[in-house]
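**Student:** Input: one structure, supplied below.
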Amino acid sequence: QVQLVESGGGLVQAGGSLRLSCTSFGIIFRVNKVGWYRQAPGKQRELVARITRDGNTDYIDSVKGRFTLSRDNAKNTVYLQMNSLKPEDTGGYYCNLDPLLPSLWGQGTQVTVSS
């Protein structure tokens with residue numbers, strides 16, 4: 001069964017850090033472009049960062065310099081290191097391929113940043 005499992009979220013004060021993990025069961029991440037998506041309260045889910053097969057990364061402007069993607073091919077896991085967190089980073093974080101496959105959405109992991 002193909003499944004993506006996110007973890008690592010939590011409650012953190014502004015300026016703090018979290019590292020999110022996305023582990024794939026059934027899909028080999030190293031041959032796919034993988035993205036982290038965020039859904040803030042009352043807003044649509046958006047792509048915030050992605051990593052290509054070659055390890056190149058892209059970020060939306062609001063997280064550039066604060067978020068860093070990395071990948072462990074042996075563990076079939078993609079990480080999102082989030083530093084200098086801001087209250088506006090609050091939301092559910094989900095991983096998926098890019099372009100995404102709706103059938104792959106997992107439970108996500110909640111990130112809450114308090115001011």
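By convention here, the chains of the structure tokens are called A, B, ... in the order presented, each chain's residues are numbered starting at 1, and ligands are numbered starting at 1 in the order presented.
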Applying 9 Å and only C-alpha atoms, which residues near A:Val48 remain after dropping the ones on its own chain fewer than 3 positions away? List them as a list in words.

**Tutor:**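 Selected residues are Gly35, Trp36, Tyr37, Arg38, Asp58, Tyr59, Ile60, Asp61, Ser62 and Val63 of chain A.
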
**Student:** Of the residues A:Thr90, A:Ser21, A:Gln3, A:Gln39, which is the one nearest to A:Ser115, using only C-alpha atoms?

**Tutor:**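 Smallest separation from A:Ser115 among the options: A:Thr90.
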
**Student:** When you draw a straight line from atom CA of A:Leu47 to atom CA of A:Gly91, how long is it in Å?

**Tutor:**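 Separation of atom CA of A:Leu47 and atom CA of A:Gly91: 12.4 Å.
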
**Student:** Report as an mmCIF file with N, CA and C atoms, in the first residue's frame all protein, DNA and RNA residues lying within 7 Å of stretch 11-16 of chain A, evaluated on only C-alpha atoms, omitting residues in the same chain fewer than 4 positions from it.

**Tutor:**
data_model
loop_
_atom_site.group_PDB
_atom_site.id
_atom_site.type_symbol
_atom_site.label_atom_id
_atom_site.label_comp_id
_atom_site.auth_asym_id
_atom_site.auth_seq_id
_atom_site.Cartn_x
_atom_site.Cartn_y
_atom_site.Cartn_z
ATOM 1 N N ASN A 83 13.291 26.835 10.789
ATOM 2 C CA ASN A 83 13.903 27.691 11.796
ATOM 3 C C ASN A 83 13.235 29.049 11.807
ATOM 4 N N SER A 84 13.479 29.784 12.858
ATOM 5 C CA SER A 84 12.932 31.141 12.991
ATOM 6 C C SER A 84 11.449 31.154 12.674
ATOM 7 N N LEU A 85 10.741 30.244 13.267
ATOM 8 C CA LEU A 85 9.324 30.105 12.963
ATOM 9 C C LEU A 85 8.531 31.332 13.371
ATOM 10 N N LYS A 86 7.508 31.611 12.580
ATOM 11 C CA LYS A 86 6.642 32.760 12.804
ATOM 12 C C LYS A 86 5.205 32.275 12.988
ATOM 13 N N PRO A 87 4.382 33.062 13.641
ATOM 14 C CA PRO A 87 2.984 32.659 13.809
ATOM 15 C C PRO A 87 2.298 32.359 12.476
ATOM 16 N N VAL A 111 1.562 22.161 12.863
ATOM 17 C CA VAL A 111 2.561 23.089 13.393
ATOM 18 C C VAL A 111 1.820 24.311 13.919
ATOM 19 N N THR A 112 2.052 24.627 15.164
ATOM 20 C CA THR A 112 1.442 25.804 15.771
ATOM 21 C C THR A 112 2.542 26.663 16.367
ATOM 22 N N VAL A 113 2.607 27.896 15.902
ATOM 23 C CA VAL A 113 3.630 28.827 16.367
ATOM 24 C C VAL A 113 2.946 29.927 17.157
ATOM 25 N N SER A 114 3.296 30.030 18.406
ATOM 26 C CA SER A 114 2.688 31.055 19.260
ATOM 27 C C SER A 114 3.548 32.303 19.267
ATOM 28 N N SER A 115 2.877 33.434 19.410
ATOM 29 C CA SER A 115 3.606 34.709 19.387
ATOM 30 C C SER A 115 4.088 35.098 20.778
#

**Student:** Counting only C-alpha atoms, which residue out of A:Arg50, A:Arg66, A:Lys43, A:Lys75 sits closest to A:Phe25?

**Tutor:**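 The shortest atom-to-atom distance to A:Phe25 comes from A:Lys75.
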
**Student:** Report, in Å with one decimal, the straight-line distance from atom CA of A:Gly65 to atom CA of A:Gly42.

**Tutor:**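 It comes out at 25.5 Å.
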